[in-house]
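Trainee: Sending over upload32.cif (mmCIF, C-alpha atoms).
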```cif
data_final
loop_
_atom_site.label_atom_id
_atom_site.label_comp_id
_atom_site.auth_asym_id
_atom_site.auth_seq_id
_atom_site.Cartn_x
_atom_site.Cartn_y
_atom_site.Cartn_z
CA MET Z 7 38.56 144.51 166.57
CA VAL Z 8 34.90 144.84 165.64
CA HIS Z 9 33.69 143.06 162.53
CA ALA Z 10 30.33 143.32 160.86
CA VAL Z 11 28.23 141.27 158.45
CA GLN Z 12 25.54 142.98 156.43
CA PHE Z 13 22.31 141.08 155.92
CA SER Z 14 20.03 141.30 152.92
CA ASP Z 15 17.71 143.60 154.81
CA GLY Z 16 20.51 146.16 155.20
CA SER Z 17 21.13 145.55 158.91
CA PHE Z 18 24.50 144.69 160.39
CA ASN Z 19 25.66 142.13 162.88
CA THR Z 20 28.58 143.43 164.91
CA ARG Z 21 30.61 141.03 167.01
CA SER Z 22 33.55 142.18 169.11
CA ASP Z 23 33.81 139.11 171.34
CA VAL Z 24 34.62 136.47 168.73
CA LEU Z 25 36.73 136.26 165.59
CA LEU Z 26 34.05 134.60 163.47
CA PRO Z 27 30.26 134.89 163.51
CA ASN Z 28 27.96 132.07 164.48
CA PHE Z 29 26.62 131.44 161.00
CA SER Z 30 23.86 129.05 162.01
CA LYS Z 31 22.57 131.46 164.64
CA ASP Z 32 23.36 134.89 163.20
CA LEU Z 33 22.86 134.44 159.48
CA GLY Z 34 20.16 131.86 158.95
CA THR Z 35 17.95 132.61 155.96
CA ASN Z 36 18.41 136.39 156.36
CA ALA Z 37 21.74 136.13 154.52
CA VAL Z 38 20.16 134.71 151.36
CA LEU Z 39 20.29 137.08 148.42
CA ASP Z 40 16.71 137.56 147.28
CA PHE Z 41 15.73 140.18 144.73
CA GLN Z 42 13.97 140.36 141.38
CA VAL Z 43 15.97 140.50 138.16
CA PRO Z 44 13.95 142.33 135.48
CA ASP Z 45 12.47 140.24 132.70
CA PRO Z 46 14.44 140.97 129.49
CA GLU Z 47 11.32 140.22 127.39
CA ASP Z 48 9.06 142.63 129.28
CA ASP Z 49 8.33 145.45 126.80
CA GLN Z 50 6.59 147.48 129.51
CA ILE Z 51 9.93 148.19 131.17
CA SER Z 52 11.82 151.06 129.55
CA GLU Z 53 15.46 150.59 128.64
CA HIS Z 54 16.47 153.13 131.29
CA GLU Z 55 14.47 151.37 134.01
CA PHE Z 56 15.78 147.95 132.92
CA GLN Z 57 19.40 149.13 133.12
CA GLN Z 58 18.75 150.77 136.48
CA GLN Z 59 17.28 147.58 137.97
CA VAL Z 60 20.10 145.44 136.58
CA GLU Z 61 22.72 147.86 137.94
CA THR Z 62 21.08 147.83 141.38
CA ALA Z 63 21.03 144.02 141.45
CA TRP Z 64 24.65 143.90 140.33
CA GLN Z 65 25.69 146.28 143.10
CA VAL Z 66 24.00 144.07 145.70
CA CYS Z 67 25.91 141.03 144.43
CA ASP Z 68 29.18 142.96 144.29
CA ARG Z 69 28.88 144.21 147.87
CA PHE Z 70 27.74 140.86 149.20
CA ASP Z 71 30.68 139.26 147.38
CA LEU Z 72 33.06 141.71 149.07
CA GLN Z 73 31.64 140.96 152.51
CA THR Z 74 31.83 137.21 151.85
CA ASP Z 75 35.44 137.35 150.65
CA ILE Z 76 36.51 139.40 153.67
CA TRP Z 77 35.00 136.81 156.00
CA ARG Z 78 36.52 133.95 153.99
CA GLY Z 79 39.89 135.65 154.37
CA ARG Z 80 39.41 135.89 158.13
CA ILE Z 81 38.46 132.22 158.30
CA LEU Z 82 41.48 131.20 156.24
CA ARG Z 83 43.75 133.35 158.38
CA ALA Z 84 42.41 131.67 161.51
CA VAL Z 85 43.09 128.20 160.07
CA ARG Z 86 46.58 129.23 158.98
CA ASP Z 87 47.45 130.84 162.32
CA ARG Z 88 46.12 127.82 164.20
CA GLU Z 89 48.62 125.63 162.36
CA LYS Z 90 51.45 128.08 163.16
CA ARG Z 91 50.85 127.44 166.88
CA GLY Z 92 51.96 123.87 166.34
CA SER Z 93 48.91 122.43 168.06
CA ASP Z 94 48.42 118.70 167.65
CA HIS Z 95 44.72 119.40 167.22
CA GLY Z 96 45.18 121.79 164.29
CA ILE Z 97 44.33 120.79 160.72
CA GLY Z 98 47.08 121.31 158.16
CA PHE Z 99 46.42 124.57 156.31
CA LEU Z 100 47.24 123.16 152.87
CA ASN Z 101 45.09 120.08 153.52
CA TRP Z 102 42.25 122.36 154.61
CA LEU Z 103 42.54 124.25 151.32
CA LYS Z 104 42.71 121.02 149.34
CA ASP Z 105 39.53 119.68 150.93
CA ARG Z 106 37.70 122.84 149.86
CA GLU Z 107 39.33 123.07 146.42
CA ILE Z 108 40.96 126.43 147.15
CA SER Z 109 44.33 127.23 145.62
CA LYS Z 110 47.11 128.61 147.81
CA THR Z 111 47.23 131.78 145.68
CA GLN Z 112 43.50 132.35 146.08
CA ALA Z 113 43.69 131.70 149.82
CA TYR Z 114 46.45 134.22 150.44
CA SER Z 115 44.66 136.75 148.23
CA LEU Z 116 41.60 136.44 150.46
CA ILE Z 117 43.74 136.66 153.60
CA GLU Z 118 45.35 139.83 152.25
CA LEU Z 119 41.91 141.29 151.56
CA ALA Z 120 40.74 140.48 155.09
CA THR Z 121 43.90 141.93 156.62
CA SER Z 122 43.48 145.12 154.58
CA ALA Z 123 39.86 145.42 155.69
CA ASP Z 124 40.77 144.93 159.33
CA GLN Z 125 43.56 147.50 159.07
CA LEU Z 126 41.25 150.10 157.52
CA LEU Z 127 38.73 149.48 160.30
CA GLU Z 128 41.35 149.53 163.05
CA ASP Z 129 42.91 152.77 161.76
CA GLY Z 130 39.48 154.40 161.69
CA ILE Z 131 39.69 155.07 157.95
CA LEU Z 132 36.38 153.26 157.51
CA ASP Z 133 33.53 152.20 159.75
CA SER Z 134 32.22 148.67 159.45
CA GLU Z 135 28.98 149.97 157.93
CA GLU Z 136 30.89 151.90 155.24
CA VAL Z 137 32.49 148.77 153.79
CA SER Z 138 29.15 147.90 152.20
CA HIS Z 139 29.32 151.05 150.05
CA PHE Z 140 32.30 149.73 148.07
CA SER Z 141 32.39 147.48 145.07
CA LYS Z 142 34.90 144.69 145.54
CA ARG Z 143 37.41 146.17 143.10
CA ALA Z 144 37.00 149.63 144.58
CA PHE Z 145 37.72 148.29 148.05
CA ILE Z 146 40.83 146.41 146.90
CA ALA Z 147 42.07 149.53 145.09
CA THR Z 148 41.52 151.56 148.26
CA ALA Z 149 43.35 148.99 150.40
CA GLN Z 150 46.35 149.13 148.03
CA ALA Z 151 46.44 152.93 147.88
CA ALA Z 152 48.60 155.27 149.94
CA PRO Z 153 47.24 156.19 153.41
CA GLU Z 154 46.54 159.73 152.20
CA VAL Z 155 44.40 158.39 149.34
CA GLN Z 156 42.56 156.09 151.73
CA GLN Z 157 41.69 159.10 153.86
CA MET Z 158 40.53 161.01 150.77
CA VAL Z 159 38.25 158.10 149.83
CA SER Z 160 36.86 158.01 153.36
CA ASP Z 161 36.25 161.77 153.40
CA ARG Z 162 34.52 161.72 150.03
CA LEU Z 163 32.34 158.80 151.14
CA ARG Z 164 31.19 160.61 154.27
CA GLU Z 165 30.58 163.87 152.40
CA ASN Z 166 28.49 162.17 149.72
CA ASN Z 167 25.61 161.09 151.95
CA ALA Z 168 23.07 161.31 149.13
CA SER Z 169 24.70 158.51 147.14
CA PRO Z 170 27.31 156.78 149.29
CA ARG Z 171 28.70 154.39 146.68
CA VAL Z 172 32.41 154.12 145.90
CA THR Z 173 33.51 152.84 142.51
CA GLN Z 174 36.89 151.66 141.29
CA ARG Z 175 36.97 154.54 138.81
CA GLU Z 176 36.65 157.08 141.63
CA VAL Z 177 39.45 155.46 143.62
CA ARG Z 178 41.69 155.37 140.56
CA GLN Z 179 40.99 159.05 139.93
CA LEU Z 180 42.03 159.94 143.47
CA VAL Z 181 45.19 157.81 143.12
CA ASP Z 182 46.04 159.58 139.87
CA GLU Z 183 45.44 163.01 141.37
CA TRP Z 184 47.56 162.21 144.42
CA THR Z 185 50.39 160.86 142.26
CA ALA Z 186 50.34 163.96 140.08
CA VAL Z 187 50.62 166.23 143.11
CA THR Z 188 53.19 164.37 145.21
CA SER Z 189 55.59 162.44 142.94
CA ASP Z 190 59.13 163.83 142.86
CA LEU Z 191 59.59 162.21 139.44
CA LEU Z 192 57.28 164.71 137.78
CA PRO Z 193 58.56 168.21 136.90
CA ILE Z 194 56.74 171.24 138.26
CA GLU Z 195 55.52 172.15 134.76
CA ILE Z 196 53.53 168.92 134.57
CA LYS Z 197 52.20 169.22 138.12
CA GLU Z 198 50.86 172.69 137.38
CA LYS Z 199 49.03 171.47 134.27
CA ALA Z 200 47.64 168.50 136.18
CA ALA Z 201 46.40 170.85 138.91
CA ASN Z 202 44.41 172.97 136.43
CA SER Z 203 43.27 169.85 134.51
CA THR Z 204 45.11 170.85 131.34
CA ILE Z 205 46.69 167.39 131.45
CA PRO Z 206 44.44 164.63 132.87
CA ALA Z 207 46.03 163.03 135.93
CA ARG Z 208 45.30 159.53 134.60
CA TYR Z 209 48.18 159.90 132.12
CA LEU Z 210 50.73 160.63 134.84
CA THR Z 211 50.41 157.56 137.07
CA PRO Z 212 51.68 155.14 134.36
CA LEU Z 213 54.60 157.51 133.71
CA VAL Z 214 55.58 157.57 137.38
CA ARG Z 215 55.31 153.78 137.69
CA GLU Z 216 57.59 153.23 134.70
CA MET Z 217 60.11 155.86 135.79
CA GLU Z 218 60.34 154.28 139.26
CA LYS Z 219 61.95 151.21 137.63
CA LEU Z 220 64.84 153.25 136.20
CA PRO Z 221 68.17 154.49 137.61
CA GLU Z 222 68.31 158.14 138.65
CA SER Z 223 70.31 159.18 135.58
CA HIS Z 224 67.56 158.01 133.24
CA GLN Z 225 64.88 159.51 135.45
CA THR Z 226 66.61 162.88 135.18
CA PHE Z 227 66.79 162.63 131.39
CA LEU Z 228 63.09 161.74 131.02
CA ARG Z 229 62.00 164.39 133.53
CA ALA Z 230 63.83 167.04 131.51
CA GLU Z 231 62.19 165.79 128.31
CA VAL Z 232 58.72 166.13 129.84
CA ALA Z 233 59.51 169.55 131.33
CA GLU Z 234 60.59 170.84 127.90
CA ASN Z 235 57.27 169.85 126.29
CA PRO Z 236 54.64 169.48 129.03
CA ASP Z 237 51.75 168.10 127.00
CA VAL Z 238 49.78 164.85 126.74
CA ASP Z 239 51.60 163.57 123.63
CA THR Z 240 54.99 164.02 125.29
CA VAL Z 241 53.78 162.30 128.46
CA LYS Z 242 52.60 159.31 126.40
CA GLN Z 243 55.85 159.20 124.45
CA VAL Z 244 58.05 159.42 127.54
CA THR Z 245 55.96 156.74 129.27
CA ALA Z 246 56.66 154.41 126.35
CA GLU Z 247 60.37 155.34 126.41
CA ALA Z 248 60.56 154.63 130.14
CA ARG Z 249 58.93 151.22 129.56
CA TYR Z 250 61.43 150.35 126.82
CA LEU Z 251 64.35 151.62 128.90
CA ALA Z 252 63.36 149.38 131.80
CA LYS Z 253 62.98 146.45 129.42
CA TYR Z 254 66.41 147.14 127.89
CA LEU Z 255 68.22 147.49 131.22
CA ASN Z 256 66.56 144.40 132.67
CA ALA Z 257 67.29 142.21 129.65
CA ALA Z 258 70.84 143.47 129.05
CA GLY Z 259 71.96 142.20 132.45
CA GLN Z 260 70.77 138.69 131.55
CA VAL Z 261 72.54 138.37 128.17
CA GLN Z 262 75.94 136.70 128.46
CA SER Z 263 76.89 137.82 124.94
CA LEU Z 264 76.81 141.43 126.17
CA ALA Z 265 79.02 140.81 129.22
CA HIS Z 266 82.17 142.30 127.71
CA GLU Z 267 84.23 145.22 128.98
CA SER Z 268 84.62 146.53 125.43
CA LEU Z 269 80.86 147.03 125.11
CA ASP Z 270 79.40 150.27 126.48
CA LEU Z 271 75.72 149.45 127.06
CA GLU Z 272 74.87 152.96 128.21
CA SER Z 273 76.35 154.55 125.08
CA ALA Z 274 74.50 152.06 122.89
CA LEU Z 275 71.33 152.98 124.72
CA GLU Z 276 71.90 156.70 124.20
CA GLU Z 277 72.47 156.13 120.48
CA ALA Z 278 69.27 154.12 120.20
CA LEU Z 279 67.43 156.98 121.88
CA ARG Z 280 69.03 159.54 119.58
CA ILE Z 281 68.06 157.80 116.33
CA GLY Z 282 64.61 156.77 117.59
CA CYS Z 283 64.97 152.98 117.62
CA LEU Z 284 64.81 152.37 121.37
CA ASN Z 285 61.78 150.09 121.05
CA SER Z 286 63.47 147.81 118.50
CA THR Z 287 66.74 147.79 120.47
CA ALA Z 288 64.98 146.89 123.71
CA GLU Z 289 63.07 144.09 121.95
CA LEU Z 290 66.32 142.87 120.33
CA VAL Z 291 68.07 142.60 123.70
CA SER Z 292 65.01 140.95 125.24
CA GLN Z 293 64.90 138.35 122.45
CA ALA Z 294 68.63 137.72 122.91
CA ALA Z 295 68.05 136.96 126.59
CA GLN Z 296 65.25 134.55 125.70
CA LEU Z 297 67.36 132.85 123.01
CA GLU Z 298 70.26 132.26 125.39
CA GLN Z 299 67.88 130.78 127.94
CA MET Z 300 66.36 128.51 125.30
CA ILE Z 301 69.82 127.37 124.16
CA ALA Z 302 70.74 126.47 127.74
CA LYS Z 303 67.48 124.59 128.16
CA LEU Z 304 67.96 122.84 124.81
CA TYR Z 305 71.41 121.63 125.83
CA THR Z 306 70.36 120.32 129.24
CA THR Z 307 67.30 118.61 127.69
CA TRP Z 308 69.47 117.06 124.96
CA LYS Z 309 71.91 115.72 127.57
CA ARG Z 310 69.05 114.29 129.61
CA MET Z 311 67.57 112.60 126.52
CA ASN Z 312 70.89 110.96 125.71
CA THR Z 313 71.24 109.65 129.26
CA LEU Z 314 67.72 108.22 129.27
CA SER Z 315 68.09 106.81 125.75
CA GLU Z 316 71.26 104.96 126.73
CA ARG Z 317 69.59 103.56 129.85
CA VAL Z 318 66.57 102.30 127.92
CA TYR Z 319 68.85 100.79 125.25
CA LEU Z 320 70.83 98.82 127.85
CA ASP Z 321 67.63 97.60 129.53
CA SER Z 322 66.00 96.51 126.26
CA GLY Z 323 66.96 93.82 123.75
CA VAL Z 324 65.71 91.39 121.13
CA SER Z 325 62.62 90.67 123.18
CA THR Z 326 61.52 94.36 122.96
CA PRO Z 327 61.55 95.22 119.23
CA ASN Z 328 58.96 97.96 119.56
CA LEU Z 329 60.90 99.68 122.31
CA ARG Z 330 64.03 99.54 120.17
CA SER Z 331 62.00 100.99 117.30
CA LEU Z 332 60.96 103.90 119.54
CA LEU Z 333 64.63 104.60 120.31
CA SER Z 334 65.44 104.50 116.62
CA HIS Z 335 62.81 107.09 115.78
CA LEU Z 336 64.12 109.39 118.52
CA THR Z 337 67.69 109.19 117.21
CA PRO Z 338 67.45 112.49 115.22
CA LEU Z 339 66.96 114.25 118.56
CA THR Z 340 69.87 112.57 120.35
CA ASN Z 341 72.61 112.89 117.71
CA GLU Z 342 75.15 115.71 117.75
CA THR Z 343 73.16 117.22 114.90
CA VAL Z 344 69.61 117.65 116.17
CA GLU Z 345 67.11 117.50 113.33
CA ILE Z 346 63.43 118.39 113.19
CA SER Z 347 60.96 119.17 110.42
CA LEU Z 348 58.69 122.19 110.56
CA GLY Z 349 55.32 122.07 108.83
CA ASP Z 350 53.77 119.25 106.84
CA PRO Z 351 56.57 117.01 105.48
CA ASP Z 352 54.60 116.60 102.22
CA GLY Z 353 53.73 120.30 101.93
CA SER Z 354 55.48 123.01 99.99
CA PHE Z 355 56.24 125.05 103.12
CA SER Z 356 58.02 122.26 104.98
CA ARG Z 357 61.62 122.80 106.00
CA THR Z 358 64.11 120.87 108.05
CA ILE Z 359 65.94 122.57 110.92
CA ARG Z 360 69.35 121.20 111.94
CA LEU Z 361 71.24 122.32 115.02
CA ARG Z 362 74.69 120.98 115.73
CA ILE Z 363 75.78 120.51 119.33
CA LEU Z 364 79.56 120.31 119.43
CA PRO Z 365 81.09 117.66 121.72
CA GLU Z 366 82.50 118.87 125.01
CA GLU Z 367 86.24 119.38 125.14
CA GLU Z 368 88.19 117.22 127.52
CA GLY Z 369 88.42 118.72 130.97
CA GLU Z 370 85.06 120.52 130.70
#
```
Would you mind writing the file out in structure tokens?
Mentor:
Amino acid sequence: MVHAVQFSDGSFNTRSDVLLPNFSKDLGTNAVLDFQVPDPEDDQISEHEFQQQVETAWQVCDRFDLQTDIWRGRILRAVRDREKRGSDHGIGFLNWLKDREISKTQAYSLIELATSADQLLEDGILDSEEVSHFSKRAFIATAQAAPEVQQMVSDRLRENNASPRVTQREVRQLVDEWTAVTSDLLPIEIKEKAANSTIPARYLTPLVREMEKLPESHQTFLRAEVAENPDVDTVKQVTAEARYLAKYLNAAGQVQSLAHESLDLESALEEALRIGCLNSTAELVSQAAQLEQMIAKLYTTWKRMNTLSERVYLDSGVSTPNLRSLLSHLTPLTNETVEISLGDPDGSFSRTIRLRILPEEEGE
């Protein structure tokens, strides 16, 4: 594997004999970002020239940031893999992160970025010099794209020698175009309109992503709906329907109140679709799932409070009047009828909420 670091003068340092560069020897002061940011109070600089200089400076920072994060990911991967060997001389990976105030999530994100970069280089999709032509977000989008899209990005980069800069918008456009051409979830009528730009491809990727979450029967229904009216408005509407369908199906499986053989969830769903209230129905089922989860949490918290309250009561006594007073004030939350006031007790909008928790039956 050959890695490269780009210096501020545009040159590259390529090292194939070591995993990491010798920073003290190879980088030195050449790696310091040094450029002029235009003076915002200089009236002699036109608005166009000011924006151009700012954009150029921003691109330098963005590309340098990408290169830095790739190398950080490689360093983190080396530290992690060293620990996996079980060497007595290795430093614990999590301790290494803690010393440098790096979260585990951030560390693995950087490792993933470095791995993606190395894979693109190893597969010949990109040359080490070409990495510098990407913004950080554009590179991440390319790394996450399908291999065919990666090759399209590479080809476009090499064809565009006059201005070899890849943006996230360009990568997204290629992803959208590829999705519109290849997805089996889109009817031929839509693909044809995407091919002649009658329907922008950017509207189709969200539709495909939402439809992928659904069972085949629902995919077939939505595909037929789009094929019947292949236009932008229908695509937007069906995308929303697919999102609500996924939300409904996901939430319905979590609601115990709906786990009855007498209830036909699919028929209820079809009726909601027919009368145009799928959004409200999906939200209703989602709220039901949340409410059941909150009730379960309320009960376990209430039980825990009672256990702790009893323990503190037994440990306290006459010598701890303030502690007993604390227990007394918490009594409304430990009784079978839980009571709490909402709003300012002295205000006109205050109201008291009471929830009764029935005692457990014997044998439960």
Trainee: With all atoms listed in the file as the counted atoms, please give the residues lying no more than 10 Å from Glu216 in chain Z, apart from itself and same-chain residues fewer than 4 positions off, as an MDAnalysis selection string.
Mentor: chainID Z and resid 211:212 220 225 244:252
Trainee: Report, in Å with one decimal, the straight-line distance from CA of Arg362 in chain Z to CA of Leu304 in chain Z.
Mentor: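 Those two atoms sit 11.5 Å apart.
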Trainee: For Ala233 in chain Z, which residue among Z:Pro193, Z:Pro46, Z:Pro338, Z:Gly98 is the nearest when counting only C-alpha atoms?
Mentor: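 Using only C-alpha atoms, the shortest distance to Ala233 in chain Z belongs to Z:Pro193.
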Trainee: When the PyMOL selection byres ((chain Z and resi 195) around 12) is applied to the structure above, which residues does it catch, written out as a tab-separated table (two decimals) with C-alpha atoms, in the coordinates of the input?
Mentor:
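Done, and the output landed in expr.tsv:
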```tsv
chain	number	residue	atom	x	y	z
Z	186	ALA	CA	50.34	163.96	140.08
Z	187	VAL	CA	50.62	166.23	143.11
Z	191	LEU	CA	59.59	162.21	139.44
Z	192	LEU	CA	57.28	164.71	137.78
Z	193	PRO	CA	58.56	168.21	136.90
Z	194	ILE	CA	56.74	171.24	138.26
Z	196	ILE	CA	53.53	168.92	134.57
Z	197	LYS	CA	52.20	169.22	138.12
Z	198	GLU	CA	50.86	172.69	137.38
Z	199	LYS	CA	49.03	171.47	134.27
Z	200	ALA	CA	47.64	168.50	136.18
Z	201	ALA	CA	46.40	170.85	138.91
Z	202	ASN	CA	44.41	172.97	136.43
Z	204	THR	CA	45.11	170.85	131.34
Z	205	ILE	CA	46.69	167.39	131.45
Z	229	ARG	CA	62.00	164.39	133.53
Z	230	ALA	CA	63.83	167.04	131.51
Z	231	GLU	CA	62.19	165.79	128.31
Z	232	VAL	CA	58.72	166.13	129.84
Z	233	ALA	CA	59.51	169.55	131.33
Z	234	GLU	CA	60.59	170.84	127.90
Z	235	ASN	CA	57.27	169.85	126.29
Z	236	PRO	CA	54.64	169.48	129.03
Z	237	ASP	CA	51.75	168.10	127.00
Z	241	VAL	CA	53.78	162.30	128.46
```
Trainee: Work out how far apart CA of Val172 in chain Z and CA of Glu136 in chain Z are and give it in Å to one decimal.
Mentor: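 Going from CA of Val172 in chain Z over to CA of Glu136 in chain Z covers 9.7 Å.
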Trainee: Contacts of Ala113 in chain Z at 9 Å or less, counting all atoms listed in the file, minus same-chain residues fewer than 5 places along, as a PDB file with C-alpha atoms, in the coordinates of the input?
Mentor:
```
ATOM      1  CA  ARG Z  78      36.520 133.950 153.990  1.00  0.00           C
ATOM      2  CA  GLY Z  79      39.890 135.650 154.370  1.00  0.00           C
ATOM      3  CA  LEU Z  82      41.480 131.200 156.240  1.00  0.00           C
ATOM      4  CA  ARG Z  83      43.750 133.350 158.380  1.00  0.00           C
ATOM      5  CA  LEU Z 103      42.540 124.250 151.320  1.00  0.00           C
ATOM      6  CA  ILE Z 108      40.960 126.430 147.150  1.00  0.00           C
ATOM      7  CA  GLU Z 118      45.350 139.830 152.250  1.00  0.00           C
TER       8      GLU Z 118
END
```
Trainee: Quick one: distance from CA of Glu47 in chain Z to CA of Phe70 in chain Z in Å, one decimal?
Mentor: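 Atom-to-atom, CA of Glu47 in chain Z to CA of Phe70 in chain Z, that is 27.3 Å.
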Trainee: Got a sec to resolve the PyMOL selection byres ((chain Z and resi 81) around 12) on this structure and send the residues as a ChimeraX atom specification?
Mentor: /Z:24-27,74-80,82-88,99,102-103,113-114,116-121
Trainee: Of the candidates Z:Ser273, Z:Glu345, Z:Arg330, Z:Lys309, which shows the shortest atom-to-atom distance to Pro365 in chain Z, using all atoms listed in the file?
Mentor: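 The shortest atom-to-atom distance to Pro365 in chain Z comes from Z:Lys309.
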Trainee: At a cut-off of 10 Å from (43.6, 147.4, 155.2) in the coordinates of the file, what residues are picked up using all atoms listed in the file, written as a PyMOL selection string?
Mentor: chain Z and resi 118-129+131-132+145-146+148-151+153+156
